[in-house]
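S.K.: I have a structure here, written as structure tokens, and I will follow up with some questions on it.
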Amino acid sequence: MSSSEAGLADKVARVSRVTLSEVVYRDIRELLLAGQVAPGEKFTLRGLAEAVGTSPMPVREAVGRLSAEGALEILPNRAIRVPIMTRERFEELTIIRAEIEGLAAQFAAERASPEEISVACGFHAQFAAESAEADPDGAVALRLNKDLHFAVYKAAHMPNLMQIIDGLWLQVGPVINLDLRASGRRLKEVEAHKHHARLILASRPRRGAARQALADDIRAAADFILATGDLPFAGQEG
């Protein structure tokens, strides 16, 4: 192999590694956003690599990025942990989310195209159907809830606002649906599908209704989670 060919091969290898690292980053990130992992849950690089079917190197790079974003913690023993959420921090983030995500819902009510409304309605219909099941699948509901919310936020056509929301969900994703992962009880008690229905039905003349429906959805879910007593107070994280 000539030196130029060797140089090209090296560049291709680097590009492939970067591309794989990006894929792994997005995969792990999606798990966090959709609440598929719980606060305090621990992993190893090897375990994550086996789970995503790749070598430890791209996983290490992805974990480093997520750690810098505050979405994962690297412990002294090199284990990887989903950060533990305290009640105080969760309550603060709930207040912020109601304002920020409510703003996105308000603009989405003004700006959403018929196609974007159709996509959001599709996720709402699937979520409502899952909620109506005798024994709802929490994992399915988690994904549909996240997809519905982000379909609405995307329809606001405010990319900078979307980045802020994305960062908030990276922090709260694992805890938003803490109880929903283990049981469908919250689907029955909180009735999120009713808040979603109000959100979907809000039209341009009623953009304030969209903002209020979104805020009510966030608050109802937060109240349920706080009532379980699963979140520790600051200083009691263990």
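Just remember, in the structure tokens the first chain shown is A, the second B, etc., residues are 1-based per chain, and ligands are 1-based in the order shown.
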Skipping near chain neighbours, those fewer than 3 positions away, what residues fall within 12 Å of segment 100-109 of chain A using only C-alpha atoms, listed as a PyMOL selection string?

M.R.: chain A and resi 93-97+112-114+116-117+120+148-169+196+198-219

S.K.: Can you write out as a tab-separated table which residues of segment 51-118 of chain A fall within 12 Å of segment 29-47 of chain A, alongside each residue's closest atom pair and its distance in Å to one decimal, counting only C-alpha atoms and ordering rows by chain and ascending residue number?

M.R.:
residue	atom	partner	partner_atom	distance
A:Ala51	CA	A:Gly47	CA	6.2
A:Val52	CA	A:Gly47	CA	8.8
A:Gly53	CA	A:Gly47	CA	9.7
A:Thr54	CA	A:Arg46	CA	9.3
A:Ser55	CA	A:Arg46	CA	7.9
A:Pro56	CA	A:Leu45	CA	5.9
A:Met57	CA	A:Leu45	CA	8.7
A:Pro58	CA	A:Leu45	CA	9.8
A:Val59	CA	A:Leu45	CA	6.6
A:Arg60	CA	A:Leu45	CA	6.6
A:Glu61	CA	A:Leu45	CA	10.2
A:Ala62	CA	A:Arg29	CA	8.9
A:Val63	CA	A:Leu45	CA	8.5
A:Gly64	CA	A:Leu45	CA	11.0
A:Arg65	CA	A:Arg29	CA	10.0
A:Leu66	CA	A:Arg29	CA	7.6
A:Ser67	CA	A:Arg29	CA	10.9
A:Glu69	CA	A:Arg29	CA	10.5
A:Gly70	CA	A:Leu32	CA	11.3
A:Ala71	CA	A:Leu32	CA	7.6
A:Leu72	CA	A:Leu32	CA	9.1
A:Glu73	CA	A:Lys42	CA	9.3
A:Ile74	CA	A:Lys42	CA	9.6
A:Leu75	CA	A:Lys42	CA	9.5
A:Asn77	CA	A:Thr44	CA	9.9
A:Arg78	CA	A:Thr44	CA	7.6
A:Ala79	CA	A:Thr44	CA	5.2
A:Ile80	CA	A:Phe43	CA	5.0
A:Arg81	CA	A:Lys42	CA	4.3
A:Val82	CA	A:Gly40	CA	5.1
A:Pro83	CA	A:Pro39	CA	5.6
A:Ile84	CA	A:Pro39	CA	4.9
A:Met85	CA	A:Pro39	CA	6.5
A:Thr86	CA	A:Pro39	CA	9.8
A:Phe90	CA	A:Pro39	CA	11.7

S.K.: Print the selection's residues with N, CA and C atoms to a file, as a CSV table (one decimal), in the first residue's frame.

M.R.:
chain,number,residue,atom,x,y,z
A,51,ALA,N,-24.3,-3.8,24.7
A,51,ALA,CA,-25.7,-3.5,24.5
A,51,ALA,C,-26.0,-2.8,23.1
A,52,VAL,N,-25.0,-2.0,22.7
A,52,VAL,CA,-25.2,-1.3,21.4
A,52,VAL,C,-24.5,-2.0,20.3
A,53,GLY,N,-23.8,-3.1,20.6
A,53,GLY,CA,-23.1,-3.9,19.6
A,53,GLY,C,-21.9,-3.2,18.9
A,54,THR,N,-21.1,-2.6,19.8
A,54,THR,CA,-19.9,-2.0,19.2
A,54,THR,C,-18.7,-2.1,20.2
A,55,SER,N,-17.6,-1.6,19.8
A,55,SER,CA,-16.4,-1.6,20.7
A,55,SER,C,-16.5,-0.5,21.8
A,56,PRO,N,-15.7,-0.6,22.9
A,56,PRO,CA,-15.8,0.4,23.9
A,56,PRO,C,-15.4,1.8,23.5
A,57,MET,N,-14.6,1.9,22.5
A,57,MET,CA,-14.0,3.2,22.1
A,57,MET,C,-15.1,4.3,21.8
A,58,PRO,N,-16.0,4.0,20.8
A,58,PRO,CA,-17.1,5.0,20.5
A,58,PRO,C,-18.0,5.2,21.7
A,59,VAL,N,-18.2,4.2,22.5
A,59,VAL,CA,-19.1,4.3,23.7
A,59,VAL,C,-18.4,5.3,24.7
A,60,ARG,N,-17.1,5.1,24.9
A,60,ARG,CA,-16.3,6.0,25.8
A,60,ARG,C,-16.5,7.5,25.3
A,61,GLU,N,-16.3,7.7,24.0
A,61,GLU,CA,-16.5,9.0,23.5
A,61,GLU,C,-17.9,9.6,23.7
A,62,ALA,N,-18.9,8.8,23.4
A,62,ALA,CA,-20.3,9.2,23.6
A,62,ALA,C,-20.6,9.5,25.1
A,63,VAL,N,-20.1,8.7,26.0
A,63,VAL,CA,-20.3,8.9,27.4
A,63,VAL,C,-19.6,10.1,27.9
A,64,GLY,N,-18.4,10.4,27.3
A,64,GLY,CA,-17.7,11.7,27.6
A,64,GLY,C,-18.5,12.9,27.3
A,65,ARG,N,-19.2,12.9,26.1
A,65,ARG,CA,-20.0,14.0,25.7
A,65,ARG,C,-21.2,14.1,26.6
A,66,LEU,N,-21.9,13.0,26.9
A,66,LEU,CA,-23.1,13.1,27.7
A,66,LEU,C,-22.7,13.5,29.1
A,67,SER,N,-21.6,13.1,29.6
A,67,SER,CA,-21.1,13.5,30.9
A,67,SER,C,-20.9,15.0,31.0
A,69,GLU,N,-22.5,17.1,29.3
A,69,GLU,CA,-23.8,17.7,29.2
A,69,GLU,C,-24.6,17.5,30.5
A,70,GLY,N,-24.1,16.8,31.4
A,70,GLY,CA,-24.7,16.6,32.7
A,70,GLY,C,-25.8,15.5,32.6
A,71,ALA,N,-25.8,14.7,31.5
A,71,ALA,CA,-26.7,13.6,31.4
A,71,ALA,C,-26.3,12.3,32.0
A,72,LEU,N,-25.0,12.1,32.1
A,72,LEU,CA,-24.4,11.0,32.8
A,72,LEU,C,-23.3,11.4,33.7
A,73,GLU,N,-23.0,10.5,34.7
A,73,GLU,CA,-21.9,10.8,35.6
A,73,GLU,C,-20.9,9.6,35.5
A,74,ILE,N,-19.6,10.0,35.5
A,74,ILE,CA,-18.5,9.0,35.5
A,74,ILE,C,-18.0,8.9,37.0
A,75,LEU,N,-18.3,7.8,37.6
A,75,LEU,CA,-17.9,7.6,39.0
A,75,LEU,C,-16.4,7.3,39.2
A,77,ASN,N,-14.9,4.8,40.4
A,77,ASN,CA,-14.6,3.4,40.0
A,77,ASN,C,-14.8,3.2,38.5
A,78,ARG,N,-15.0,4.3,37.8
A,78,ARG,CA,-15.1,4.2,36.3
A,78,ARG,C,-16.5,3.7,35.9
A,79,ALA,N,-17.4,3.4,36.8
A,79,ALA,CA,-18.7,3.1,36.4
A,79,ALA,C,-19.4,4.3,35.9
A,80,ILE,N,-20.5,4.1,35.2
A,80,ILE,CA,-21.3,5.2,34.6
A,80,ILE,C,-22.6,5.2,35.2
A,81,ARG,N,-23.1,6.3,35.7
A,81,ARG,CA,-24.4,6.4,36.4
A,81,ARG,C,-25.3,7.5,35.8
A,82,VAL,N,-26.6,7.2,35.7
A,82,VAL,CA,-27.6,8.2,35.4
A,82,VAL,C,-27.7,9.0,36.7
A,83,PRO,N,-27.5,10.3,36.6
A,83,PRO,CA,-27.5,11.2,37.8
A,83,PRO,C,-28.8,11.0,38.7
A,84,ILE,N,-28.6,11.0,40.0
A,84,ILE,CA,-29.7,10.9,40.9
A,84,ILE,C,-30.4,12.3,41.0
A,85,MET,N,-31.7,12.3,40.9
A,85,MET,CA,-32.5,13.5,40.9
A,85,MET,C,-33.0,13.8,42.3
A,86,THR,N,-32.8,15.0,42.9
A,86,THR,CA,-33.4,15.3,44.2
A,86,THR,C,-34.7,16.0,43.9
A,90,PHE,N,-35.8,18.6,41.0
A,90,PHE,CA,-36.9,18.2,40.1
A,90,PHE,C,-38.0,19.3,40.1

S.K.: In Å, how far is it from atom CA of Ala128 of chain A to atom CA of Lys146 of chain A?

M.R.: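 Answer for the atom CA of Ala128 of chain A to atom CA of Lys146 of chain A separation: 13.5 Å.
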
S.K.: Let's see if you can do this: from backbone DSSP, list all strand (DSSP E) residues in segment 73-109 of chain A, as a CSV table (one decimal) with N, CA and C atoms, in the first residue's frame.

M.R.:
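Saved the output as out-v2.csv:
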chain,number,residue,atom,x,y,z
A,73,GLU,N,-23.0,10.5,34.7
A,73,GLU,CA,-21.9,10.8,35.6
A,73,GLU,C,-20.9,9.6,35.5
A,74,ILE,N,-19.6,10.0,35.5
A,74,ILE,CA,-18.5,9.0,35.5
A,74,ILE,C,-18.0,8.9,37.0
A,80,ILE,N,-20.5,4.1,35.2
A,80,ILE,CA,-21.3,5.2,34.6
A,80,ILE,C,-22.6,5.2,35.2
A,81,ARG,N,-23.1,6.3,35.7
A,81,ARG,CA,-24.4,6.4,36.4
A,81,ARG,C,-25.3,7.5,35.8

S.K.: In terms of the shortest atom-to-atom distance over only C-alpha atoms, which of A:Leu48, A:Ile176, A:Val119, A:Leu231 is closest to Asp27 of chain A?

M.R.: A:Leu48

S.K.: Between atom CA of His195 of chain A and atom CA of Ala221 of chain A, what distance in Å does the model show, to one decimal?

M.R.: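 Computing the Euclidean distance for atom CA of His195 of chain A and atom CA of Ala221 of chain A yields 10.5 Å.
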
S.K.: Using DSSP secondary structure from the backbone, list all helix (DSSP H, G or I) positions within segment 78-212 of chain A, as a ChimeraX atom specification.

M.R.: /A:87-111,114-131,138-154,159-176,185-190,192-201,204-212

S.K.: Please indicate the distance in Å from atom CA of Ala125 of chain A to atom CA of Ala139 of chain A, rounded to one decimal place.

M.R.: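 Computed distance, atom CA of Ala125 of chain A to atom CA of Ala139 of chain A, equals 16.3 Å.
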
S.K.: Report as number ranges by chain all protein, DNA and RNA residues lying within 9 Å of Leu144 of chain A, evaluated on only C-alpha atoms, omitting residues in the same chain fewer than 6 positions from it.

M.R.: A: 34, 123-124, 126-127
